[in-house]
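Below is one structure, written out as structure tokens, with a few remarks after it.
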Amino acid sequence: MVPRRSPGASTPPLYHVIKTTWRRPPCPAAHVVPGNKMATGLASPASLESAPRIMRLVAECTLSRARAGELRLSHGPVATPVFMPVGTQATMKGITTEQLDALGCRICLGNTYHLGLRPGPELIQKAHGLHGFMNWPHNLLTDSGGFQMVSLVALSEVTEEGVRFRSPYDGEETLLSPERSVEIQNALGSDIIMQLDDVVSSTVTGPRVEEAMHRSVRWLDRCIAAHRRPDTQNLFAIIQGGLDASLRATCLEEMTKRDVPGFAIGGLSGGESKAQFWKMVALSTSRLPKDKPRYLMGVGYATDLVVCVALGCDMFDCVYPTRTARFGSALVPTGQLQLKKKLYEKDFGPIDPECSCPTCKTHTRAFLHALLHSDNTAALHHLTVHNVAYQLQLMSAIRASIVERRFPDFVRSFMSTMYGDQSLYPSWATEALASVGITLS
Amino acid sequence: MKLNLTKVVNGCRLGKIQNLGKTGDHTMDIPGCLLYTKTGSAPHLTHDTLNKIHGVPAMAQLTLSSLAEHHEVLAEYKKGVGNFIGMPEMLIYCSLHDPVSPCPAGYVTNKSASVWGGGGRVEMTVSKFMAIQQALQPDWFQCLSDGEASCEEGTSIKRARKSVDRSLLFLDNCLRLQEESEVLQKSTIIGVIEGGDVMEERLRSARETAKRPVGGFLLDGFQGNPATLETRLQLLSSVTAELPEDKPRLICGVSRPEEVLECIERGVDIFESFFPYLVTERGCALTFNFDYQPNPEETLLQQNGIQEEIQYEDQIKKINTTDCNQKMTSFEINLKEKKYREDFSPLVGECSCYCCKNYTRAYVHHLLVTNELLAGVLLMMHNFEHYFGFFYSIREALKSDRLAQLKELIRRQAS
């Protein structure tokens, strides 16, 4: 058992060490097909011949790396780029699955760590999978539990075997290994499942980052080997490497040799600076195959979505829109409105006159303000509906502009609405967009 | 507005109130209930989830306690509270208090009464009260009244008398102000019957209030615990006997199924629906049976079912309050209990509500255990539908002269 590493501790990388404590020997990576040597630079190589194709490209921006496409999944097609709302514990936070469906959502998230503890995979399997349990007819993506290693770092310990968690509910210890994570996700029956990755916070530097990257590759292989339902559930790899370009590049090279239907870009959207963030995204999309979806994990602010679509990402998830709703904050094209403020007490317009969600069609800011100051939870649900609608409408608009060959203009208009004067545009966004050919002036 | 009685059977009134609302084309069935709201919204429910419920009453109850503090906003809005809350098609009744939150006593004077909202106490003289009603423009509203004679047990005759005098004074002043207000011409004042537990005062209140041009009557001061209601039932009969037949009788603070039936037998027409809300808040689902004419085999099965439920009575939860309205009843099941963890049946077998058609006991149990907001939404949808279904069955039973069977069925299920 390897002693727990605290972030930033300088210890030698582990990937040279042969461990004898694994439950099963590491798969000799028979599924790895020797591929072309990756060209450095911007051209993305085509994928391996035998890999499953779940994405169809419909249009590509000729200037930037933005793409519009369609995912073909077991529970129906999903238009990309797509934002996936997060329903961690088999529920979308106070709105019913019918409401979510009515907003046009066709894929949302559940979480393996949480559901693995409560109610547990055996029960969910008895309930006809997560779809049956929560009555969701469309697609589900489950995260592997990897992120909880960061978010619950005080309760977790990482070894080559897996992550050992101490449950906050009853103090019981559980080991989440790549095999166990996939086993739980197989029971949940989600349409896209994520590998268990060794996640370090993006603010961590030093050898731990490299260790985590290499371990993530090994864990990917273990996940692939353990996956019992590749015909109905798509296992995605997660590119790690922190903010180190060469580590990222290594991870990209290695993971793209594996036969997976899609790739996620992980380990970002933490506390890192936006300048470093976009560069890692751009590096990743430049080395990922064009014919497979790119899922940028944890990204959800509107500006980030627009920029990262330009950089070539297809899928996104974030708790922000649903979480901020529960704090009284409504997302609008110019930013957000904190509706609890007295400012909105007598504002008799809807949150957004252009929004077609049920909240905006029925209620005023003034009423929502009054309701937010009461103890009626309905206030939170109104805002959750609106914020999810906002995110989905934004992605629809992005997609339409790509299909109609006017994405760069869309971006310019978006930035202008959001920030007003050009001097207020965040410089990281301007640079990131410029790097893919979109100038904002 | 016109109340048409179809029949009166053993004191129970069955009928319809017609020509209701500003456009005069709404109808309400009696006996019936009002949709309970908090700050103008059904608890936990948005427009979409509320619309999925079958049998939602035509009239919603709003409370002055939640709305008085928004008086200025509503005055500036000008279009009335029905529009403000996004329910333009709903009939609106504005009561003084929220039946769920008792308000502290000792704040009624000869000139004013108070309500307690999120921002604290709002004191209202008659003119302020009517100004607020002008901003709200409800279809019906409870007149400003003094309800404190029933607050403590064994209140003095003097206090009872005062409650009647004050309420009549408030009523006369409100009626006068209503005449002077164009906006309030389409609103109906509901006179409030007070008088504590003093028969003489109760009768006086009834007779005097009935002389005024009110649209209906609110029987105040009968709420409390089930024991106090029982002692007041005779008072209730005597009071309603004094009231005109062609005007509706509302009661506040009474919502439990067995109490509802007792009051209907004593001439009450309209009830508040806060009981399903209380059930929701304690993580419970209404399961009581109101199908008074099942086949004999089903009856046997159901009886066995009821026995099982009663066996688990030792797990009745008491929430952190001495108010025994918060105690779980035998009309419901507590979905937090471990035994529901793997129960994949709907909350209630034959229920056709959105929750029962789409989710299971196991799922709602999971939501409760993980403290998820959706638990409240789904339980509220089920509990409201179940409760509105109960009222429907009361009317059907009255139509076919089977109320005795329904009453017996409910009585057997009451703890």
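Note on naming: chains are A, B, ... as they come in the structure tokens, residues start from 1 per chain, ligands start from 1 in the order shown.
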Contacts between chain B and chain A, please, where a residue of chain A counts if it comes within 9 Å (with only C-alpha atoms); show its shortest atom pair and distance in Å to one decimal, rows by chain and ascending number, as CSV.
residue,atom,partner,partner_atom,distance
A:Gln89,CA,B:Thr370,CA,7.7
A:Ala90,CA,B:Leu367,CA,8.5
A:Thr91,CA,B:Leu374,CA,7.0
A:Met92,CA,B:Leu374,CA,7.8
A:Lys93,CA,B:Leu373,CA,5.8
A:Gly94,CA,B:Leu374,CA,4.1
A:Ile95,CA,B:Leu374,CA,6.5
A:Thr96,CA,B:Leu374,CA,7.2
A:Gln99,CA,B:Asp48,CA,7.6
A:Arg118,CA,B:His366,CA,7.4
A:Pro119,CA,B:His366,CA,6.5
A:Leu123,CA,B:Glu342,CA,6.9
A:Lys126,CA,B:Glu342,CA,8.4
A:Ala127,CA,B:Phe344,CA,7.1
A:Gly132,CA,B:Tyr359,CA,8.8
A:Phe133,CA,B:Tyr363,CA,6.4
A:Met134,CA,B:Tyr363,CA,7.0
A:Asn135,CA,B:Asn358,CA,6.5
A:Glu345,CA,B:Val73,CA,7.0
A:Lys346,CA,B:Val73,CA,5.8
A:Phe348,CA,B:Tyr77,CA,7.4
A:Pro358,CA,B:Asp48,CA,7.8
A:Thr359,CA,B:His47,CA,8.4
A:Thr362,CA,B:Gly86,CA,5.7
A:His363,CA,B:Gly86,CA,5.9
A:Thr364,CA,B:Phe84,CA,7.7
A:Ala366,CA,B:Val73,CA,8.0
A:Phe367,CA,B:Ile85,CA,6.4
A:Leu368,CA,B:Ile85,CA,8.9
A:Ala370,CA,B:His70,CA,7.5
A:Leu371,CA,B:Thr39,CA,6.3
A:His373,CA,B:Gly118,CA,7.6
A:Ser374,CA,B:Gly118,CA,6.7
A:Asp375,CA,B:Lys38,CA,8.0
A:Asn376,CA,B:Pro43,CA,5.6
A:Thr377,CA,B:His44,CA,5.0
A:Ala378,CA,B:His44,CA,4.3
A:Ala379,CA,B:His44,CA,8.0
A:Leu380,CA,B:His44,CA,8.8
A:His381,CA,B:Thr46,CA,7.1
A:His382,CA,B:Thr46,CA,6.6
Skip Leu91 in chain B itself and residues of its chain fewer than 5 positions away, then list as an NGL selection string all residues within 9 Å of it, counting only C-alpha atoms.
-> :B and (20-22 or 26 or 58-61 or 82 or 138-140)
Would you mind exporting the chosen residues as a PDB file, in the first residue's frame, restricted to N, CA, C and O atoms?
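Written output follows (selection-v4.pdb):
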ATOM      1  N   LEU B  20     -68.955  32.801 -10.570  1.00  0.00           N
ATOM      2  CA  LEU B  20     -67.891  33.318  -9.724  1.00  0.00           C
ATOM      3  C   LEU B  20     -66.842  34.040 -10.557  1.00  0.00           C
ATOM      4  O   LEU B  20     -66.681  33.774 -11.747  1.00  0.00           O
ATOM      5  N   GLY B  21     -66.101  34.906  -9.898  1.00  0.00           N
ATOM      6  CA  GLY B  21     -64.948  35.528 -10.534  1.00  0.00           C
ATOM      7  C   GLY B  21     -65.300  36.824 -11.230  1.00  0.00           C
ATOM      8  O   GLY B  21     -66.452  37.182 -11.381  1.00  0.00           O
ATOM      9  N   LYS B  22     -64.266  37.486 -11.688  1.00  0.00           N
ATOM     10  CA  LYS B  22     -64.449  38.808 -12.287  1.00  0.00           C
ATOM     11  C   LYS B  22     -65.247  38.717 -13.580  1.00  0.00           C
ATOM     12  O   LYS B  22     -66.014  39.606 -13.909  1.00  0.00           O
ATOM     13  N   HIS B  26     -66.914  31.290 -13.540  1.00  0.00           N
ATOM     14  CA  HIS B  26     -66.299  30.160 -12.824  1.00  0.00           C
ATOM     15  C   HIS B  26     -67.318  29.479 -11.926  1.00  0.00           C
ATOM     16  O   HIS B  26     -68.282  30.097 -11.477  1.00  0.00           O
ATOM     17  N   ALA B  58     -60.966  25.144  -8.053  1.00  0.00           N
ATOM     18  CA  ALA B  58     -61.087  26.350  -8.865  1.00  0.00           C
ATOM     19  C   ALA B  58     -60.590  27.583  -8.127  1.00  0.00           C
ATOM     20  O   ALA B  58     -60.315  28.610  -8.743  1.00  0.00           O
ATOM     21  N   MET B  59     -60.493  27.483  -6.799  1.00  0.00           N
ATOM     22  CA  MET B  59     -60.111  28.656  -6.013  1.00  0.00           C
ATOM     23  C   MET B  59     -58.863  28.370  -5.178  1.00  0.00           C
ATOM     24  O   MET B  59     -58.750  27.325  -4.538  1.00  0.00           O
ATOM     25  N   ALA B  60     -57.932  29.302  -5.205  1.00  0.00           N
ATOM     26  CA  ALA B  60     -56.713  29.168  -4.410  1.00  0.00           C
ATOM     27  C   ALA B  60     -56.823  30.046  -3.171  1.00  0.00           C
ATOM     28  O   ALA B  60     -57.425  31.128  -3.205  1.00  0.00           O
ATOM     29  N   GLN B  61     -56.231  29.563  -2.074  1.00  0.00           N
ATOM     30  CA  GLN B  61     -56.173  30.384  -0.868  1.00  0.00           C
ATOM     31  C   GLN B  61     -54.814  31.059  -0.810  1.00  0.00           C
ATOM     32  O   GLN B  61     -53.768  30.395  -0.815  1.00  0.00           O
ATOM     33  N   GLY B  82     -53.718  37.838  -8.599  1.00  0.00           N
ATOM     34  CA  GLY B  82     -53.872  36.663  -9.462  1.00  0.00           C
ATOM     35  C   GLY B  82     -52.904  36.700 -10.620  1.00  0.00           C
ATOM     36  O   GLY B  82     -52.257  35.712 -10.961  1.00  0.00           O
ATOM     37  N   PRO B 138     -58.620  40.419  -4.863  1.00  0.00           N
ATOM     38  CA  PRO B 138     -58.994  39.006  -4.843  1.00  0.00           C
ATOM     39  C   PRO B 138     -60.473  38.845  -5.201  1.00  0.00           C
ATOM     40  O   PRO B 138     -61.209  39.827  -5.202  1.00  0.00           O
ATOM     41  N   ASP B 139     -60.882  37.616  -5.488  1.00  0.00           N
ATOM     42  CA  ASP B 139     -62.308  37.390  -5.725  1.00  0.00           C
ATOM     43  C   ASP B 139     -63.065  37.403  -4.401  1.00  0.00           C
ATOM     44  O   ASP B 139     -64.127  37.999  -4.282  1.00  0.00           O
ATOM     45  N   TRP B 140     -62.504  36.731  -3.409  1.00  0.00           N
ATOM     46  CA  TRP B 140     -63.078  36.738  -2.054  1.00  0.00           C
ATOM     47  C   TRP B 140     -61.984  37.145  -1.077  1.00  0.00           C
ATOM     48  O   TRP B 140     -60.812  36.818  -1.291  1.00  0.00           O
TER      49      TRP B 140
END
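Here CA of Gly191 in chain B is placed at a distance of 8.8 Å from CA of Leu219 in chain B.
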Min atom-atom distance to Arg65 in chain A from the set A:Asp352, A:Asp101, A:Asp314, A:Asp304, counting only C-alpha atoms, belongs to A:Asp314
Set the distance at 9 Å and use only C-alpha atoms: which residues neighbour Leu440 in chain A once local chain neighbours fewer than 3 positions away are removed? I'd like the list as an mmCIF file with N, CA and C atoms, in the first residue's frame.
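And here's part_0.cif as it stands now:
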data_model
loop_
_atom_site.group_PDB
_atom_site.id
_atom_site.type_symbol
_atom_site.label_atom_id
_atom_site.label_comp_id
_atom_site.auth_asym_id
_atom_site.auth_seq_id
_atom_site.Cartn_x
_atom_site.Cartn_y
_atom_site.Cartn_z
ATOM 1 N N PRO A 408 -18.236 32.568 -36.349
ATOM 2 C CA PRO A 408 -17.407 33.699 -35.897
ATOM 3 C C PRO A 408 -18.243 34.951 -35.603
ATOM 4 N N VAL A 411 -19.957 34.496 -32.325
ATOM 5 C CA VAL A 411 -19.047 34.716 -31.205
ATOM 6 C C VAL A 411 -18.891 36.206 -30.923
ATOM 7 N N ARG A 412 -18.694 36.960 -31.987
ATOM 8 C CA ARG A 412 -18.513 38.412 -31.824
ATOM 9 C C ARG A 412 -19.748 39.037 -31.179
ATOM 10 N N MET A 415 -20.003 38.025 -27.430
ATOM 11 C CA MET A 415 -19.063 38.729 -26.553
ATOM 12 C C MET A 415 -19.511 40.165 -26.321
ATOM 13 N N GLN A 422 -15.312 46.486 -25.773
ATOM 14 C CA GLN A 422 -14.223 45.540 -26.048
ATOM 15 C C GLN A 422 -13.118 45.566 -24.995
ATOM 16 N N THR A 430 -10.132 36.491 -25.612
ATOM 17 C CA THR A 430 -9.694 37.116 -26.869
ATOM 18 C C THR A 430 -8.535 36.337 -27.474
ATOM 19 N N LEU A 433 -9.613 32.777 -28.717
ATOM 20 C CA LEU A 433 -10.354 32.853 -29.978
ATOM 21 C C LEU A 433 -9.423 33.215 -31.123
ATOM 22 N N ALA A 434 -8.490 34.124 -30.853
ATOM 23 C CA ALA A 434 -7.542 34.514 -31.898
ATOM 24 C C ALA A 434 -6.715 33.324 -32.331
#
All residues 12 Å or closer to Gln233 in chain A, only C-alpha atoms, same chain fewer than 2 positions away omitted, as a PyMOL selection string = chain A and resi 52+54+72-75+139-142+182-183+185-195+224+227-231+235-236+260-262
DSSP-assigned alpha helix (DSSP H) among range 136-315 of chain B, expressed as a PyMOL selection string | chain B and resi 136+157-179+199-211+226-241+257-264+275-281+296-311
Can you spit out the residues from that selection as an mmCIF file, in the first residue's frame, using C-alpha atoms?
data_model
loop_
_atom_site.group_PDB
_atom_site.id
_atom_site.type_symbol
_atom_site.label_atom_id
_atom_site.label_comp_id
_atom_site.auth_asym_id
_atom_site.auth_seq_id
_atom_site.Cartn_x
_atom_site.Cartn_y
_atom_site.Cartn_z
ATOM 1 C CA LEU B 136 -54.637 42.415 -4.335
ATOM 2 C CA ILE B 157 -66.931 35.672 28.164
ATOM 3 C CA LYS B 158 -65.668 39.221 28.081
ATOM 4 C CA ARG B 159 -62.940 38.318 25.628
ATOM 5 C CA ALA B 160 -65.414 36.392 23.511
ATOM 6 C CA ARG B 161 -67.760 39.343 23.446
ATOM 7 C CA LYS B 162 -64.972 41.669 22.449
ATOM 8 C CA SER B 163 -63.995 39.425 19.558
ATOM 9 C CA VAL B 164 -67.535 39.616 18.231
ATOM 10 C CA ASP B 165 -67.867 43.360 18.733
ATOM 11 C CA ARG B 166 -64.545 44.143 17.134
ATOM 12 C CA SER B 167 -65.124 41.860 14.188
ATOM 13 C CA LEU B 168 -68.520 43.423 13.514
ATOM 14 C CA LEU B 169 -67.035 46.888 13.728
ATOM 15 C CA PHE B 170 -64.245 45.956 11.363
ATOM 16 C CA LEU B 171 -66.831 44.435 9.021
ATOM 17 C CA ASP B 172 -69.038 47.485 8.937
ATOM 18 C CA ASN B 173 -66.075 49.735 8.274
ATOM 19 C CA CYS B 174 -64.744 47.479 5.555
ATOM 20 C CA LEU B 175 -68.132 47.325 3.867
ATOM 21 C CA ARG B 176 -68.308 51.080 3.897
ATOM 22 C CA LEU B 177 -64.860 51.404 2.362
ATOM 23 C CA GLN B 178 -65.720 48.788 -0.199
ATOM 24 C CA GLU B 179 -68.661 50.876 -1.374
ATOM 25 C CA MET B 199 -72.463 29.810 22.739
ATOM 26 C CA GLU B 200 -74.291 33.067 23.283
ATOM 27 C CA GLU B 201 -71.564 35.066 21.633
ATOM 28 C CA ARG B 202 -71.273 32.650 18.778
ATOM 29 C CA LEU B 203 -74.972 32.942 18.048
ATOM 30 C CA ARG B 204 -74.815 36.704 18.274
ATOM 31 C CA SER B 205 -71.890 36.799 15.911
ATOM 32 C CA ALA B 206 -73.712 34.569 13.431
ATOM 33 C CA ARG B 207 -76.943 36.505 13.502
ATOM 34 C CA GLU B 208 -75.345 39.903 13.322
ATOM 35 C CA THR B 209 -72.892 38.994 10.593
ATOM 36 C CA ALA B 210 -75.705 37.438 8.587
ATOM 37 C CA LYS B 211 -77.484 40.795 8.558
ATOM 38 C CA PRO B 226 -58.578 17.073 17.357
ATOM 39 C CA ALA B 227 -59.770 17.075 20.961
ATOM 40 C CA THR B 228 -60.691 20.737 20.959
ATOM 41 C CA LEU B 229 -62.551 20.389 17.693
ATOM 42 C CA GLU B 230 -64.719 17.662 19.142
ATOM 43 C CA THR B 231 -65.834 19.856 21.979
ATOM 44 C CA ARG B 232 -66.575 22.635 19.535
ATOM 45 C CA LEU B 233 -68.625 20.573 17.108
ATOM 46 C CA GLN B 234 -71.875 21.318 18.858
ATOM 47 C CA LEU B 235 -71.076 24.989 18.799
ATOM 48 C CA LEU B 236 -70.479 24.620 15.090
ATOM 49 C CA SER B 237 -73.915 23.136 14.428
ATOM 50 C CA SER B 238 -75.599 25.909 16.336
ATOM 51 C CA VAL B 239 -73.680 28.545 14.443
ATOM 52 C CA THR B 240 -74.381 27.235 10.958
ATOM 53 C CA ALA B 241 -78.057 26.882 11.833
ATOM 54 C CA PRO B 257 -60.077 13.945 6.676
ATOM 55 C CA GLU B 258 -62.123 12.862 9.702
ATOM 56 C CA GLU B 259 -62.527 16.458 10.856
ATOM 57 C CA VAL B 260 -63.597 17.550 7.403
ATOM 58 C CA LEU B 261 -66.419 15.015 7.439
ATOM 59 C CA GLU B 262 -67.567 16.094 10.900
ATOM 60 C CA CYS B 263 -67.720 19.699 9.776
ATOM 61 C CA ILE B 264 -69.548 18.911 6.536
ATOM 62 C CA PHE B 275 -53.152 18.955 5.529
ATOM 63 C CA PRO B 276 -51.526 17.436 2.414
ATOM 64 C CA TYR B 277 -48.800 20.078 2.774
ATOM 65 C CA LEU B 278 -48.076 19.074 6.375
ATOM 66 C CA VAL B 279 -47.930 15.435 5.299
ATOM 67 C CA THR B 280 -45.442 16.360 2.565
ATOM 68 C CA GLU B 281 -43.216 18.254 4.955
ATOM 69 C CA PRO B 296 -66.049 -7.264 -0.885
ATOM 70 C CA GLU B 297 -62.808 -9.037 -1.803
ATOM 71 C CA GLU B 298 -61.010 -5.769 -2.188
ATOM 72 C CA THR B 299 -62.406 -4.577 1.111
ATOM 73 C CA LEU B 300 -60.889 -7.560 2.864
ATOM 74 C CA LEU B 301 -57.508 -6.994 1.257
ATOM 75 C CA GLN B 302 -57.610 -3.341 2.134
ATOM 76 C CA GLN B 303 -58.611 -4.033 5.703
ATOM 77 C CA ASN B 304 -55.602 -6.305 6.054
ATOM 78 C CA GLY B 305 -53.502 -3.557 4.557
ATOM 79 C CA ILE B 306 -54.811 -1.087 7.104
ATOM 80 C CA GLN B 307 -53.990 -3.497 9.938
ATOM 81 C CA GLU B 308 -50.420 -3.628 8.731
ATOM 82 C CA GLU B 309 -50.144 0.116 8.682
ATOM 83 C CA ILE B 310 -51.551 0.399 12.182
ATOM 84 C CA GLN B 311 -48.934 -2.109 13.352
#
Non-local contacts of Leu103 in chain A (8 Å; only C-alpha atoms; under 3 positions in same chain excluded) as a PyMOL selection string = chain A and resi 99-100+357+385+388-389+392
Could the residues in this selection be saved with C-alpha atoms as a PDB file, in the first residue's frame?
ATOM      1  CA  GLN A  99     -39.755  19.275 -17.200  1.00  0.00           C
ATOM      2  CA  LEU A 100     -36.190  18.475 -18.226  1.00  0.00           C
ATOM      3  CA  CYS A 357     -38.790  28.773 -20.943  1.00  0.00           C
ATOM      4  CA  VAL A 385     -35.874  25.569 -15.143  1.00  0.00           C
ATOM      5  CA  VAL A 388     -31.121  24.946 -17.700  1.00  0.00           C
ATOM      6  CA  ALA A 389     -33.136  26.492 -20.530  1.00  0.00           C
ATOM      7  CA  LEU A 392     -29.541  24.627 -23.700  1.00  0.00           C
TER       8      LEU A 392
END
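Atom pair CA of Glu70 in chain A / CA of Arg56 in chain A: separated by 5.2 Å.
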Among range 142-359 of chain B, which residues carry a DSSP assignment of strand (DSSP E or B), reported as an MDAnalysis selection string?
-> chainID B and resid 142 188:193 216:219 249:251 270:271 284:286 332:334
8 Å contact set for Ile53 in chain B, only C-alpha atoms, chain neighbours under 5 positions out, as a ChimeraX atom specification = /B:353-354,381-382,384-385
Same residues, C-alpha atoms, output as a short mmCIF file (atom, residue, chain, number, x, y, z; two decimals), in the first residue's frame:
data_model
loop_
_atom_site.label_atom_id
_atom_site.label_comp_id
_atom_site.auth_asym_id
_atom_site.auth_seq_id
_atom_site.Cartn_x
_atom_site.Cartn_y
_atom_site.Cartn_z
CA CYS B 353 -51.10 11.10 -10.12
CA TYR B 354 -47.88 12.02 -11.92
CA MET B 381 -48.15 16.41 -6.28
CA HIS B 382 -49.33 13.09 -4.90
CA PHE B 384 -52.69 17.21 -3.26
CA GLU B 385 -54.15 14.85 -5.83
#
Surrounding residues of His114 in chain A excluding itself and chain neighbours under 2 positions, 12 Å, only C-alpha atoms, as JSON, numbers by chain | {"A": [87, 88, 89, 90, 91, 109, 110, 111, 112, 116, 117, 118, 119, 120, 121, 142, 143, 144, 145, 146, 147, 148, 152, 165, 167, 168, 169, 174, 176, 181, 184, 185, 188], "B": [366, 370]}
How many Å separate CA of Arg249 in chain B from CA of Phe290 in chain B?
-> 23.6 Å
